[in-house]
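What follows is structure37.txt (compact mmCIF, N, CA and C atoms).
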# COMPACT_ATOMS: atom_id res chain seq x y z
N MET A 1 243.15 85.56 193.28
CA MET A 1 243.01 84.28 193.90
C MET A 1 241.87 83.53 193.24
N GLY A 2 241.95 83.42 191.98
CA GLY A 2 240.91 82.72 191.25
C GLY A 2 239.94 83.68 190.62
N THR A 3 238.92 83.13 190.04
CA THR A 3 237.91 83.91 189.35
C THR A 3 236.97 84.58 190.34
N ASN A 4 236.66 85.85 190.11
CA ASN A 4 235.69 86.56 190.94
C ASN A 4 234.29 86.15 190.54
N THR A 5 233.39 86.05 191.51
CA THR A 5 232.00 85.67 191.25
C THR A 5 231.08 86.62 191.99
N ASN A 6 230.03 87.05 191.33
CA ASN A 6 229.00 87.87 191.97
C ASN A 6 227.85 86.96 192.39
N VAL A 7 227.37 87.12 193.62
CA VAL A 7 226.27 86.32 194.14
C VAL A 7 225.11 87.26 194.41
N PRO A 8 223.95 87.02 193.76
CA PRO A 8 222.80 87.88 194.03
C PRO A 8 222.28 87.65 195.45
N ILE A 9 221.89 88.72 196.10
CA ILE A 9 221.36 88.61 197.46
C ILE A 9 219.84 88.76 197.36
N THR A 10 219.19 87.63 197.28
CA THR A 10 217.73 87.58 197.24
C THR A 10 217.32 86.48 198.20
N ALA A 11 216.53 86.83 199.21
CA ALA A 11 216.11 85.84 200.21
C ALA A 11 215.50 84.63 199.53
N GLY A 12 216.01 83.45 199.86
CA GLY A 12 215.46 82.19 199.35
C GLY A 12 215.83 81.86 197.92
N ALA A 13 216.71 82.65 197.28
CA ALA A 13 217.08 82.38 195.89
C ALA A 13 218.56 82.64 195.68
N GLY A 14 219.09 82.16 194.58
CA GLY A 14 220.48 82.43 194.24
C GLY A 14 221.42 81.35 194.74
N THR A 15 222.72 81.63 194.67
CA THR A 15 223.77 80.70 195.08
C THR A 15 224.01 80.81 196.57
N ASN A 16 224.25 79.69 197.22
CA ASN A 16 224.53 79.71 198.65
C ASN A 16 225.84 80.42 198.96
N VAL A 17 225.87 81.12 200.09
CA VAL A 17 227.08 81.74 200.62
C VAL A 17 227.30 81.13 201.99
N ASP A 18 228.51 80.60 202.24
CA ASP A 18 228.79 79.97 203.53
C ASP A 18 228.89 81.03 204.62
N THR A 19 228.20 80.77 205.74
CA THR A 19 228.26 81.66 206.89
C THR A 19 228.36 80.83 208.16
N TYR A 20 228.68 81.51 209.23
CA TYR A 20 228.74 80.90 210.56
C TYR A 20 227.80 81.70 211.44
N GLN A 21 226.87 81.02 212.10
CA GLN A 21 225.92 81.74 212.95
C GLN A 21 226.49 81.88 214.35
N VAL A 22 226.58 83.13 214.83
CA VAL A 22 227.09 83.41 216.17
C VAL A 22 225.95 83.36 217.18
N ALA A 23 226.28 83.41 218.47
CA ALA A 23 225.30 83.24 219.55
C ALA A 23 224.14 84.22 219.46
N SER A 24 224.38 85.43 218.98
CA SER A 24 223.31 86.43 218.90
C SER A 24 222.31 86.12 217.79
N GLY A 25 222.63 85.14 216.94
CA GLY A 25 221.76 84.81 215.82
C GLY A 25 222.23 85.41 214.51
N ASP A 26 223.14 86.39 214.60
CA ASP A 26 223.68 87.00 213.38
C ASP A 26 224.56 85.98 212.64
N HIS A 27 224.78 86.25 211.36
CA HIS A 27 225.65 85.40 210.55
C HIS A 27 226.92 86.17 210.18
N GLN A 28 228.04 85.47 210.23
CA GLN A 28 229.31 86.02 209.77
C GLN A 28 229.71 85.22 208.54
N GLN A 29 230.13 85.95 207.49
CA GLN A 29 230.53 85.27 206.26
C GLN A 29 231.86 84.56 206.48
N ILE A 30 231.97 83.37 205.92
CA ILE A 30 233.22 82.61 206.01
C ILE A 30 234.14 83.07 204.89
N ILE A 31 235.35 83.45 205.24
CA ILE A 31 236.36 83.86 204.26
C ILE A 31 237.42 82.77 204.21
N ARG A 32 237.66 82.22 203.04
CA ARG A 32 238.63 81.15 202.87
C ARG A 32 240.02 81.73 202.67
N GLU A 33 240.96 81.27 203.45
CA GLU A 33 242.36 81.68 203.27
C GLU A 33 243.03 80.68 202.35
N VAL A 34 243.59 81.18 201.26
CA VAL A 34 244.19 80.31 200.26
C VAL A 34 245.67 80.12 200.54
N ARG A 35 246.12 78.90 200.46
CA ARG A 35 247.54 78.55 200.62
C ARG A 35 248.16 78.35 199.25
N ALA A 36 249.46 78.46 199.17
CA ALA A 36 250.16 78.27 197.90
C ALA A 36 250.01 76.83 197.43
N SER A 37 249.82 76.68 196.13
CA SER A 37 249.79 75.36 195.53
C SER A 37 250.97 75.14 194.60
N ALA A 38 251.73 76.21 194.32
CA ALA A 38 252.90 76.09 193.45
C ALA A 38 253.88 77.23 193.73
N ALA A 39 255.14 76.92 193.57
CA ALA A 39 256.20 77.93 193.66
C ALA A 39 256.96 77.92 192.35
N ALA A 40 257.09 79.08 191.73
CA ALA A 40 257.79 79.19 190.45
C ALA A 40 259.29 79.09 190.67
N ALA A 41 260.02 78.89 189.59
CA ALA A 41 261.48 78.94 189.67
C ALA A 41 261.88 80.32 190.19
N ILE A 42 263.01 80.40 190.86
CA ILE A 42 263.47 81.68 191.41
C ILE A 42 263.61 82.72 190.30
N ASN A 43 263.00 83.88 190.52
CA ASN A 43 263.12 85.02 189.61
C ASN A 43 264.37 85.78 190.02
N THR A 44 265.27 86.09 189.08
CA THR A 44 266.50 86.82 189.41
C THR A 44 266.61 88.10 188.59
N TRP A 45 267.24 89.10 189.20
CA TRP A 45 267.49 90.36 188.51
C TRP A 45 268.81 90.93 189.03
N THR A 46 269.69 91.33 188.12
CA THR A 46 270.95 91.96 188.49
C THR A 46 270.74 93.47 188.49
N PRO A 47 270.98 94.14 189.62
CA PRO A 47 270.70 95.58 189.74
C PRO A 47 271.45 96.44 188.73
N THR A 48 270.71 97.38 188.15
CA THR A 48 271.28 98.39 187.25
C THR A 48 270.72 99.75 187.62
N THR A 49 271.43 100.79 187.23
CA THR A 49 270.97 102.15 187.49
C THR A 49 269.88 102.59 186.51
N THR A 50 269.65 101.79 185.46
CA THR A 50 268.53 102.10 184.56
C THR A 50 267.25 101.47 185.08
N GLY A 51 267.36 100.47 185.94
CA GLY A 51 266.19 99.84 186.53
C GLY A 51 265.40 99.03 185.54
N GLN A 52 264.31 98.47 186.04
CA GLN A 52 263.41 97.70 185.19
C GLN A 52 261.98 97.84 185.69
N ALA A 53 261.13 98.31 184.78
CA ALA A 53 259.70 98.40 185.09
C ALA A 53 259.11 96.99 185.07
N THR A 54 258.22 96.71 185.99
CA THR A 54 257.52 95.43 186.07
C THR A 54 258.49 94.26 185.96
N GLN A 55 259.53 94.28 186.76
CA GLN A 55 260.47 93.16 186.77
C GLN A 55 259.75 91.88 187.19
N ILE A 56 258.78 92.02 188.08
CA ILE A 56 257.87 90.93 188.44
C ILE A 56 256.47 91.39 188.02
N ALA A 57 255.84 90.61 187.17
CA ALA A 57 254.50 90.98 186.67
C ALA A 57 253.45 90.82 187.77
N ALA A 58 252.42 91.62 187.69
CA ALA A 58 251.28 91.48 188.61
C ALA A 58 250.63 90.11 188.38
N ASP A 59 250.13 89.52 189.45
CA ASP A 59 249.49 88.20 189.34
C ASP A 59 248.46 88.07 190.46
N GLU A 60 247.18 88.05 190.09
CA GLU A 60 246.11 87.97 191.10
C GLU A 60 246.08 86.62 191.81
N ASN A 61 246.77 85.63 191.29
CA ASN A 61 246.83 84.31 191.92
C ASN A 61 248.03 84.14 192.85
N ARG A 62 248.89 85.18 192.95
CA ARG A 62 250.06 85.09 193.81
C ARG A 62 249.63 85.24 195.27
N VAL A 63 250.10 84.34 196.12
CA VAL A 63 249.77 84.38 197.54
C VAL A 63 251.01 84.53 198.41
N GLY A 64 252.18 84.54 197.80
CA GLY A 64 253.40 84.71 198.57
C GLY A 64 254.51 85.25 197.70
N LEU A 65 255.34 86.12 198.28
CA LEU A 65 256.50 86.67 197.57
C LEU A 65 257.62 86.87 198.58
N LEU A 66 258.69 86.12 198.41
CA LEU A 66 259.88 86.25 199.24
C LEU A 66 260.98 86.87 198.40
N MET A 67 261.71 87.84 198.96
CA MET A 67 262.78 88.51 198.22
C MET A 67 264.06 88.50 199.04
N ASN A 68 265.17 88.32 198.34
CA ASN A 68 266.49 88.33 198.95
C ASN A 68 267.41 89.16 198.06
N ASN A 69 268.01 90.20 198.63
CA ASN A 69 268.96 91.01 197.87
C ASN A 69 270.35 90.42 198.06
N ALA A 70 270.73 89.53 197.17
CA ALA A 70 272.05 88.89 197.22
C ALA A 70 273.06 89.67 196.39
N SER A 71 272.74 90.92 196.06
CA SER A 71 273.68 91.78 195.33
C SER A 71 274.50 92.59 196.33
N ASN A 72 275.38 93.43 195.81
CA ASN A 72 276.23 94.25 196.67
C ASN A 72 275.77 95.71 196.75
N VAL A 73 274.53 96.01 196.28
CA VAL A 73 274.03 97.39 196.29
C VAL A 73 272.61 97.43 196.82
N ARG A 74 272.19 98.61 197.25
CA ARG A 74 270.79 98.83 197.65
C ARG A 74 269.91 98.75 196.41
N VAL A 75 268.72 98.16 196.57
CA VAL A 75 267.76 98.05 195.47
C VAL A 75 266.45 98.70 195.92
N TYR A 76 265.96 99.63 195.10
CA TYR A 76 264.70 100.32 195.37
C TYR A 76 263.57 99.60 194.65
N LEU A 77 262.40 99.51 195.32
CA LEU A 77 261.25 98.78 194.79
C LEU A 77 260.04 99.70 194.71
N ARG A 78 259.24 99.50 193.67
CA ARG A 78 257.92 100.13 193.55
C ARG A 78 256.94 99.04 193.21
N PHE A 79 255.76 99.10 193.81
CA PHE A 79 254.74 98.10 193.57
C PHE A 79 253.74 98.59 192.53
N ASP A 80 254.29 98.87 191.33
CA ASP A 80 253.52 99.28 190.16
C ASP A 80 254.45 99.14 188.95
N SER A 81 254.05 99.68 187.82
CA SER A 81 254.85 99.52 186.60
C SER A 81 255.79 100.70 186.34
N THR A 82 256.07 101.49 187.37
CA THR A 82 256.95 102.65 187.25
C THR A 82 258.33 102.31 187.82
N ILE A 83 259.38 102.61 187.06
CA ILE A 83 260.73 102.39 187.59
C ILE A 83 260.93 103.35 188.77
N PRO A 84 261.34 102.83 189.93
CA PRO A 84 261.55 103.72 191.07
C PRO A 84 262.75 104.63 190.86
N THR A 85 262.83 105.64 191.69
CA THR A 85 264.04 106.47 191.76
C THR A 85 264.53 106.38 193.21
N THR A 86 265.66 107.00 193.47
CA THR A 86 266.19 106.97 194.84
C THR A 86 265.37 107.86 195.79
N THR A 87 264.44 108.64 195.24
CA THR A 87 263.58 109.48 196.08
C THR A 87 262.10 109.12 195.94
N ALA A 88 261.73 108.38 194.91
CA ALA A 88 260.33 107.98 194.70
C ALA A 88 260.27 106.46 194.59
N TYR A 89 260.12 105.82 195.74
CA TYR A 89 260.07 104.36 195.80
C TYR A 89 259.12 103.98 196.93
N HIS A 90 258.75 102.70 196.98
CA HIS A 90 257.86 102.24 198.04
C HIS A 90 258.62 101.51 199.15
N TRP A 91 259.72 100.87 198.81
CA TRP A 91 260.52 100.11 199.78
C TRP A 91 261.90 99.93 199.19
N TYR A 92 262.87 99.61 200.04
CA TYR A 92 264.18 99.26 199.50
C TYR A 92 264.75 98.09 200.28
N LEU A 93 265.67 97.40 199.61
CA LEU A 93 266.40 96.29 200.23
C LEU A 93 267.88 96.60 200.16
N ASP A 94 268.54 96.66 201.30
CA ASP A 94 269.99 96.81 201.30
C ASP A 94 270.63 95.48 200.93
N ALA A 95 271.89 95.52 200.56
CA ALA A 95 272.62 94.30 200.23
C ALA A 95 272.49 93.32 201.40
N GLY A 96 272.12 92.08 201.08
CA GLY A 96 271.98 91.06 202.10
C GLY A 96 270.62 90.98 202.77
N ASP A 97 269.73 91.96 202.52
CA ASP A 97 268.39 91.94 203.14
C ASP A 97 267.52 90.83 202.56
N ARG A 98 266.63 90.31 203.43
CA ARG A 98 265.59 89.35 203.03
C ARG A 98 264.27 89.95 203.45
N TRP A 99 263.21 89.67 202.68
CA TRP A 99 261.93 90.27 202.99
C TRP A 99 260.80 89.37 202.52
N GLU A 100 259.83 89.15 203.40
CA GLU A 100 258.58 88.50 203.01
C GLU A 100 257.59 89.63 202.75
N VAL A 101 257.25 89.83 201.49
CA VAL A 101 256.37 90.92 201.09
C VAL A 101 254.98 90.69 201.68
N PRO A 102 254.37 91.71 202.31
CA PRO A 102 253.04 91.54 202.89
C PRO A 102 252.02 91.07 201.85
N LEU A 103 251.11 90.24 202.28
CA LEU A 103 250.08 89.70 201.39
C LEU A 103 249.33 90.80 200.64
N ALA A 104 249.11 91.93 201.27
CA ALA A 104 248.38 93.03 200.64
C ALA A 104 249.12 93.58 199.42
N LEU A 105 250.43 93.35 199.31
CA LEU A 105 251.21 93.88 198.20
C LEU A 105 251.70 92.80 197.23
N CYS A 106 251.66 91.54 197.63
CA CYS A 106 252.37 90.52 196.85
C CYS A 106 251.76 90.22 195.49
N GLN A 107 250.53 90.65 195.21
CA GLN A 107 249.93 90.40 193.90
C GLN A 107 250.25 91.50 192.89
N LEU A 108 250.81 92.60 193.36
CA LEU A 108 251.09 93.74 192.49
C LEU A 108 252.37 93.52 191.68
N ALA A 109 252.51 94.29 190.60
CA ALA A 109 253.76 94.30 189.84
C ALA A 109 254.86 94.88 190.72
N VAL A 110 256.11 94.46 190.50
CA VAL A 110 257.24 95.00 191.25
C VAL A 110 258.26 95.51 190.25
N SER A 111 258.58 96.81 190.34
CA SER A 111 259.62 97.42 189.52
C SER A 111 260.83 97.68 190.40
N MET A 112 262.04 97.63 189.81
CA MET A 112 263.27 97.69 190.60
C MET A 112 264.28 98.67 190.00
N LEU A 113 265.12 99.21 190.89
CA LEU A 113 266.22 100.08 190.50
C LEU A 113 267.38 99.83 191.43
N GLY A 114 268.58 99.67 190.87
CA GLY A 114 269.78 99.55 191.68
C GLY A 114 270.34 100.92 192.00
N GLN A 115 270.83 101.11 193.22
CA GLN A 115 271.47 102.37 193.59
C GLN A 115 272.72 102.58 192.73
N ALA A 116 273.33 101.47 192.32
CA ALA A 116 274.47 101.46 191.41
C ALA A 116 274.36 100.16 190.62
N ASN A 117 275.16 100.02 189.58
CA ASN A 117 275.21 98.73 188.90
C ASN A 117 275.83 97.76 189.87
N GLY A 118 275.19 96.63 190.09
CA GLY A 118 275.64 95.71 191.12
C GLY A 118 276.13 94.39 190.57
N THR A 119 276.75 93.65 191.46
CA THR A 119 277.08 92.26 191.18
C THR A 119 276.21 91.42 192.10
N GLY A 120 275.88 90.22 191.66
CA GLY A 120 274.92 89.41 192.40
C GLY A 120 273.52 89.75 191.95
N ASN A 121 272.53 89.08 192.51
CA ASN A 121 271.15 89.23 192.06
C ASN A 121 270.20 89.54 193.20
N VAL A 122 269.04 90.08 192.81
CA VAL A 122 267.88 90.10 193.68
C VAL A 122 267.11 88.83 193.30
N ASN A 123 266.90 87.98 194.27
CA ASN A 123 266.21 86.70 194.05
C ASN A 123 264.82 86.77 194.64
N SER A 124 263.84 86.33 193.89
CA SER A 124 262.44 86.38 194.35
C SER A 124 261.79 85.03 194.13
N LEU A 125 261.11 84.56 195.17
CA LEU A 125 260.33 83.33 195.08
C LEU A 125 258.86 83.73 195.03
N LEU A 126 258.17 83.35 193.96
CA LEU A 126 256.77 83.69 193.76
C LEU A 126 255.92 82.44 193.94
N ALA A 127 254.99 82.49 194.89
CA ALA A 127 254.12 81.35 195.16
C ALA A 127 252.70 81.70 194.73
N THR A 128 252.04 80.78 194.06
CA THR A 128 250.69 81.02 193.57
C THR A 128 249.73 79.95 194.08
N ALA A 129 248.45 80.27 193.99
CA ALA A 129 247.38 79.32 194.35
C ALA A 129 246.48 79.16 193.15
N SER A 130 246.05 77.94 192.91
CA SER A 130 245.14 77.72 191.78
C SER A 130 243.72 77.59 192.26
Have the structure of the file written as structure tokens, please.
Amino acid sequence: MGTNTNVPITAGAGTNVDTYQVASGDHQQIIREVRASAAAAINTWTPTTTGQATQIAADENRVGLLMNNASNVRVYLRFDSTIPTTTAYHWYLDAGDRWEVPLALCQLAVSMLGQANGTGNVNSLLATAS
């Protein structure tokens, strides 16, 4: 979600960090939630039994990932660069399934495997923030 920055913690010096002071006098750090600023063209993949490693590349700026299995076969997913198998996978989508990938996983690479060679596609909408 953008460039990482280190802020030195030295009383009275360094870059400001936004906080909110609660009634007890303590400070809570403000965490900004980033919304999508762009959606890429639909990513499509036709299921095969050979699968594809990193069918969707990892992207630290991705804030949303919607998937729809519009094929006629089950598709196995792994959230890394390893082609899944029917016994070693992280999630699967049956034919016709739709899924909003949790934010904690949506920045990772996605590798796919079809239970069989399929007709139709797995469609993915990738949303990013700048």
Report as a compact mmCIF listing (two decimals) with N, CA and C atoms, keeping the file's coordinate frame all protein, DNA and RNA residues lying within 7 Å of Leu93 in chain A, evaluated on all atoms listed in the file, omitting residues in the same chain fewer than 3 positions from it.
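Output (selection.txt):
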# COMPACT_ATOMS: atom_id res chain seq x y z
N ASN A 69 268.01 90.20 198.63
CA ASN A 69 268.96 91.01 197.87
C ASN A 69 270.35 90.42 198.06
N VAL A 73 274.53 96.01 196.28
CA VAL A 73 274.03 97.39 196.29
C VAL A 73 272.61 97.43 196.82
N ARG A 74 272.19 98.61 197.25
CA ARG A 74 270.79 98.83 197.65
C ARG A 74 269.91 98.75 196.41
N VAL A 75 268.72 98.16 196.57
CA VAL A 75 267.76 98.05 195.47
C VAL A 75 266.45 98.70 195.92
N TYR A 76 265.96 99.63 195.10
CA TYR A 76 264.70 100.32 195.37
C TYR A 76 263.57 99.60 194.65
N LEU A 77 262.40 99.51 195.32
CA LEU A 77 261.25 98.78 194.79
C LEU A 77 260.04 99.70 194.71
N GLY A 96 272.12 92.08 201.08
CA GLY A 96 271.98 91.06 202.10
C GLY A 96 270.62 90.98 202.77
N ASP A 97 269.73 91.96 202.52
CA ASP A 97 268.39 91.94 203.14
C ASP A 97 267.52 90.83 202.56
N ARG A 98 266.63 90.31 203.43
CA ARG A 98 265.59 89.35 203.03
C ARG A 98 264.27 89.95 203.45
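With all atoms listed in the file as the basis for measurement, A:Ser111 is the residue among A:Thr19, A:Asn72, A:Thr85, A:Ser111 that approaches Gln52 in chain A most closely.
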Between CA of Gln55 in chain A and atom N of Met112 in chain A, measure the distance and give it in Å to one decimal.
5.6 Å
How close does range 8-114 of chain A get to range 118-123 of chain A? List, as a tab-separated table, each residue of range 8-114 of chain A within 6 Å, its nearest atom pair and the distance in Å to one decimal, counting only N, CA and C atoms.
residue	atom	partner	partner_atom	distance
A:Asn43	C	A:Asn123	CA	4.5
A:Thr44	CA	A:Val122	C	4.4
A:Trp45	C	A:Val122	N	3.9
A:Thr46	CA	A:Asn121	CA	4.5
A:Pro47	C	A:Gly118	N	4.0
A:Thr48	N	A:Gly118	N	4.9
A:Leu66	C	A:Asn123	C	5.4
A:Met67	CA	A:Asn123	C	4.5
A:Asn68	C	A:Asn123	N	4.0
A:Asn69	CA	A:Val122	CA	4.4
A:Ala70	C	A:Asn121	N	4.0
A:Ser71	CA	A:Gly120	C	3.9
A:Asn72	N	A:Thr119	C	4.3
A:Val73	N	A:Gly118	CA	5.3
Taking N, CA and C atoms for each residue, export the selection above as a PDB file, in the frame of the given file.
ATOM      1  N   ASN A  43     263.000  83.880 190.520  1.00  0.00           N
ATOM      2  CA  ASN A  43     263.120  85.020 189.610  1.00  0.00           C
ATOM      3  C   ASN A  43     264.370  85.780 190.020  1.00  0.00           C
ATOM      4  N   THR A  44     265.270  86.090 189.080  1.00  0.00           N
ATOM      5  CA  THR A  44     266.500  86.820 189.410  1.00  0.00           C
ATOM      6  C   THR A  44     266.610  88.100 188.590  1.00  0.00           C
ATOM      7  N   TRP A  45     267.240  89.100 189.200  1.00  0.00           N
ATOM      8  CA  TRP A  45     267.490  90.360 188.510  1.00  0.00           C
ATOM      9  C   TRP A  45     268.810  90.930 189.030  1.00  0.00           C
ATOM     10  N   THR A  46     269.690  91.330 188.120  1.00  0.00           N
ATOM     11  CA  THR A  46     270.950  91.960 188.490  1.00  0.00           C
ATOM     12  C   THR A  46     270.740  93.470 188.490  1.00  0.00           C
ATOM     13  N   PRO A  47     270.980  94.140 189.620  1.00  0.00           N
ATOM     14  CA  PRO A  47     270.700  95.580 189.740  1.00  0.00           C
ATOM     15  C   PRO A  47     271.450  96.440 188.730  1.00  0.00           C
ATOM     16  N   THR A  48     270.710  97.380 188.150  1.00  0.00           N
ATOM     17  CA  THR A  48     271.280  98.390 187.250  1.00  0.00           C
ATOM     18  C   THR A  48     270.720  99.750 187.620  1.00  0.00           C
ATOM     19  N   LEU A  66     258.690  86.120 198.410  1.00  0.00           N
ATOM     20  CA  LEU A  66     259.880  86.250 199.240  1.00  0.00           C
ATOM     21  C   LEU A  66     260.980  86.870 198.400  1.00  0.00           C
ATOM     22  N   MET A  67     261.710  87.840 198.960  1.00  0.00           N
ATOM     23  CA  MET A  67     262.780  88.510 198.220  1.00  0.00           C
ATOM     24  C   MET A  67     264.060  88.500 199.040  1.00  0.00           C
ATOM     25  N   ASN A  68     265.170  88.320 198.340  1.00  0.00           N
ATOM     26  CA  ASN A  68     266.490  88.330 198.950  1.00  0.00           C
ATOM     27  C   ASN A  68     267.410  89.160 198.060  1.00  0.00           C
ATOM     28  N   ASN A  69     268.010  90.200 198.630  1.00  0.00           N
ATOM     29  CA  ASN A  69     268.960  91.010 197.870  1.00  0.00           C
ATOM     30  C   ASN A  69     270.350  90.420 198.060  1.00  0.00           C
ATOM     31  N   ALA A  70     270.730  89.530 197.170  1.00  0.00           N
ATOM     32  CA  ALA A  70     272.050  88.890 197.220  1.00  0.00           C
ATOM     33  C   ALA A  70     273.060  89.670 196.390  1.00  0.00           C
ATOM     34  N   SER A  71     272.740  90.920 196.060  1.00  0.00           N
ATOM     35  CA  SER A  71     273.680  91.780 195.330  1.00  0.00           C
ATOM     36  C   SER A  71     274.500  92.590 196.330  1.00  0.00           C
ATOM     37  N   ASN A  72     275.380  93.430 195.810  1.00  0.00           N
ATOM     38  CA  ASN A  72     276.230  94.250 196.670  1.00  0.00           C
ATOM     39  C   ASN A  72     275.770  95.710 196.750  1.00  0.00           C
ATOM     40  N   VAL A  73     274.530  96.010 196.280  1.00  0.00           N
ATOM     41  CA  VAL A  73     274.030  97.390 196.290  1.00  0.00           C
ATOM     42  C   VAL A  73     272.610  97.430 196.820  1.00  0.00           C
TER      43      VAL A  73
END
Looking at A:Ala23, A:Leu65, A:Ile83, A:Ala58, which one is nearest to Glu100 in chain A, with distances taken over all atoms listed in the file?
A:Leu65
For Val34 in chain A: contacts at 12 Å, only C-alpha atoms, fewer than 6 positions along chain excluded, given as a PyMOL selection string:
chain A and resi 1-2+61-64+103+127-130
Might you pull out every residue within 9 Å of Gln28 in chain A, with only C-alpha atoms counted and same-chain residues fewer than 3 positions away left off, and present them as an MDAnalysis selection string?
chainID A and resid 18:22
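You can rank A:Leu105, A:Ala57, A:Val110, A:Ala41 by their closest distance to Arg78 in chain A using only C-alpha atoms, and at the top of that list sits A:Val110.
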Please identify which residues in chain A DSSP calls strand (DSSP E) from the backbone, and express them as a VMD selection string.
chain A and resid 19 to 21 27 to 29 38 to 39 43 to 45 52 to 56 62 to 69 75 to 78 91 to 93 98 to 100 110 to 114 122 to 128
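For the pair atom N of Thr82 in chain A and CA of Glu60 in chain A, the interatomic distance is 17.2 Å.
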Tell me which residues come within 6 Å of (262.7, 78.1, 195.2), as a tab-separated table (two decimals) with N, CA and C atoms, in the coordinates of the input, counting all atoms listed in the file in the file's coordinates.
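Full text of selection_32.tsv as output:
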chain	number	residue	atom	x	y	z
A	40	ALA	N	257.09	79.08	191.73
A	40	ALA	CA	257.79	79.19	190.45
A	40	ALA	C	259.29	79.09	190.67
A	41	ALA	N	260.02	78.89	189.59
A	41	ALA	CA	261.48	78.94	189.67
A	41	ALA	C	261.88	80.32	190.19
A	42	ILE	N	263.01	80.40	190.86
A	42	ILE	CA	263.47	81.68	191.41
A	42	ILE	C	263.61	82.72	190.30
A	125	LEU	N	261.11	84.56	195.17
A	125	LEU	CA	260.33	83.33	195.08
A	125	LEU	C	258.86	83.73	195.03
Tell me, in Å to one decimal, how far atom C of Thr54 in chain A is from CA of Trp91 in chain A.
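Taking atom C of Thr54 in chain A and CA of Trp91 in chain A, their separation equals 15.1 Å.
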Assuming 6 Å of padding per side, give the centre and edge lengths of the axis-aligned box around every listed atom of range 78-93 of chain A, in Å to one decimal and as JSON.
{"center_x": 260.7, "center_y": 102.9, "center_z": 193.3, "size_x": 26.4, "size_y": 25.2, "size_z": 25.9}
